[in-house]
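Undergrad: Take this structure, written in structure tokens, and hold onto it; I'll ask about it next.
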Amino acid sequence: MVTRTRFDDSECPVARSVDAIGDWWSLLIVRDAFDGSRRFGEFQRSLGVAKNILTARLRTLVAGGVLESVPASDGSAYREYVLTPKGKALFPVIVALRQWGEQNCFAPGEPHSQLVDRQQGQDLRALEVLSADGRRLNPGDTIVHKVSATQ
């Protein structure tokens, strides 16, 4: 069996993020949580993932503070999974992946889902990376700056 490389001690924020939510099942679970799924069975039906894999991913997301397991809202003995503030902060990541997929993973005219503004009923504007003064940035406009540890 291949041992999974861990990045929880990495100085790179991208590596730590991938370590926390980087496998496809975890991202799809987070997507479904944004879409309103709360119960194990809802996630399982939506994703078609094996129960043991779903159980492991939900545990990891709870342990990582992305989801919280809470008593069922209907008062039953079941548990539900809700996004924490840390999980809700993944919304721009999910939107960026969705917009990238809409633009790059479908042939013209091919059916797909779309995320729209609930209030206006319109498509979302494409996400942009902006500088502090509002300029649109491209990869060549940025550099990685190491931040030293604070005492």
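We name chains A, B, ... following the order of the structure tokens; residues begin at 1 in each chain, and ligands are numbered from 1 as shown.
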Just list the residues in segment 1-143 of chain A DSSP gives strand (DSSP E) on the backbone, as a PyMOL selection string.
TA: chain A and resi 67-71+79-83
Undergrad: Could you save those same residues with C-alpha atoms as a compact mmCIF listing (two decimals), in the first residue's frame?
TA:
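selection-v3.txt, written as the output of this step:
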```
# COMPACT_ATOMS: atom_id res chain seq x y z
CA LEU A 67 -17.52 20.28 8.71
CA GLU A 68 -19.15 19.85 12.08
CA SER A 69 -21.26 16.86 13.09
CA VAL A 70 -24.40 18.11 14.85
CA PRO A 71 -27.66 16.54 16.05
CA ARG A 79 -26.34 13.29 12.90
CA GLU A 80 -25.96 15.96 10.26
CA TYR A 81 -22.88 17.57 8.77
CA VAL A 82 -22.79 21.34 8.49
CA LEU A 83 -20.13 23.66 7.16
```
Undergrad: So which residues touch segment 57-64 of chain A within 9 Å, counting only C-alpha atoms, skipping near sequence neighbours fewer than 2 positions away, as a compact mmCIF listing (two decimals) with N, CA and C atoms, in the first residue's frame?
TA:
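Result file follows (around_24.txt):
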```
# COMPACT_ATOMS: atom_id res chain seq x y z
N ALA A 20 -5.57 19.30 3.39
CA ALA A 20 -6.83 19.36 4.14
C ALA A 20 -8.04 18.93 3.30
N ILE A 21 -8.11 19.35 2.05
CA ILE A 21 -9.33 19.11 1.25
C ILE A 21 -9.03 18.74 -0.19
N TRP A 25 -13.14 13.45 -3.51
CA TRP A 25 -14.34 13.17 -2.72
C TRP A 25 -14.58 14.29 -1.71
N SER A 26 -13.53 14.77 -1.07
CA SER A 26 -13.69 15.83 -0.08
C SER A 26 -14.23 17.10 -0.71
N ILE A 29 -17.87 16.56 -1.49
CA ILE A 29 -18.67 16.61 -0.25
C ILE A 29 -18.91 18.07 0.13
N VAL A 30 -17.86 18.89 0.09
CA VAL A 30 -18.01 20.31 0.40
C VAL A 30 -18.98 20.96 -0.59
N PHE A 40 -25.56 11.82 5.95
CA PHE A 40 -24.72 10.82 5.32
C PHE A 40 -25.40 10.26 4.08
N ASN A 52 -17.66 3.29 3.09
CA ASN A 52 -16.42 3.37 3.88
C ASN A 52 -15.58 4.58 3.46
N ILE A 53 -15.56 4.90 2.18
CA ILE A 53 -14.81 6.07 1.72
C ILE A 53 -15.49 7.34 2.21
N LEU A 54 -16.82 7.40 2.11
CA LEU A 54 -17.55 8.58 2.57
C LEU A 54 -17.34 8.78 4.07
N THR A 55 -17.41 7.70 4.83
CA THR A 55 -17.18 7.78 6.28
C THR A 55 -15.80 8.36 6.57
N VAL A 66 -13.57 21.57 8.84
CA VAL A 66 -14.30 22.03 7.65
C VAL A 66 -15.80 21.78 7.82
N LEU A 67 -16.14 20.64 8.39
CA LEU A 67 -17.52 20.28 8.71
C LEU A 67 -17.63 20.05 10.20
N GLU A 68 -18.85 20.17 10.69
CA GLU A 68 -19.15 19.85 12.08
C GLU A 68 -20.28 18.84 12.08
N SER A 69 -20.19 17.83 12.92
CA SER A 69 -21.26 16.86 13.09
C SER A 69 -22.17 17.36 14.21
N TYR A 81 -24.17 16.92 8.99
CA TYR A 81 -22.88 17.57 8.77
C TYR A 81 -23.15 18.96 8.22
N GLY A 87 -15.18 25.91 6.69
CA GLY A 87 -15.75 25.26 5.52
C GLY A 87 -16.43 26.26 4.59
```
Undergrad: Please, which residues of segment 34-94 of chain A, numbered as in this document, come out helix (DSSP H, G or I) from DSSP, as a ChimeraX atom specification?
TA: /A:34,40-47,51-63,85-88,91-94
Undergrad: The selected residues should be written to file as an mmCIF file, in the first residue's frame (atoms: C-alpha atoms).
TA:
```
data_model
loop_
_atom_site.group_PDB
_atom_site.id
_atom_site.type_symbol
_atom_site.label_atom_id
_atom_site.label_comp_id
_atom_site.auth_asym_id
_atom_site.auth_seq_id
_atom_site.Cartn_x
_atom_site.Cartn_y
_atom_site.Cartn_z
ATOM 1 C CA PHE A 34 -23.034 24.142 -0.092
ATOM 2 C CA PHE A 40 -24.718 10.819 5.320
ATOM 3 C CA GLY A 41 -27.366 9.272 3.075
ATOM 4 C CA GLU A 42 -27.767 12.491 1.080
ATOM 5 C CA PHE A 43 -24.044 12.651 0.404
ATOM 6 C CA GLN A 44 -23.940 8.955 -0.455
ATOM 7 C CA ARG A 45 -26.864 9.181 -2.913
ATOM 8 C CA SER A 46 -25.514 12.307 -4.583
ATOM 9 C CA LEU A 47 -21.950 11.057 -4.958
ATOM 10 C CA LYS A 51 -19.866 4.095 2.430
ATOM 11 C CA ASN A 52 -16.424 3.367 3.879
ATOM 12 C CA ILE A 53 -14.813 6.073 1.715
ATOM 13 C CA LEU A 54 -17.549 8.580 2.574
ATOM 14 C CA THR A 55 -17.181 7.782 6.277
ATOM 15 C CA ALA A 56 -13.415 8.338 6.106
ATOM 16 C CA ARG A 57 -13.736 11.624 4.192
ATOM 17 C CA LEU A 58 -16.436 12.978 6.518
ATOM 18 C CA ARG A 59 -14.268 12.119 9.536
ATOM 19 C CA THR A 60 -11.300 13.903 7.968
ATOM 20 C CA LEU A 61 -13.374 16.994 7.147
ATOM 21 C CA VAL A 62 -14.768 17.073 10.689
ATOM 22 C CA ALA A 63 -11.308 16.566 12.227
ATOM 23 C CA PRO A 85 -16.863 29.039 9.151
ATOM 24 C CA LYS A 86 -13.655 27.390 7.879
ATOM 25 C CA GLY A 87 -15.753 25.260 5.518
ATOM 26 C CA LYS A 88 -17.833 28.226 4.352
ATOM 27 C CA PHE A 91 -16.985 28.935 -1.218
ATOM 28 C CA PRO A 92 -14.696 30.954 -3.537
ATOM 29 C CA VAL A 93 -12.608 27.808 -4.124
ATOM 30 C CA ILE A 94 -15.688 25.821 -5.172
#
```
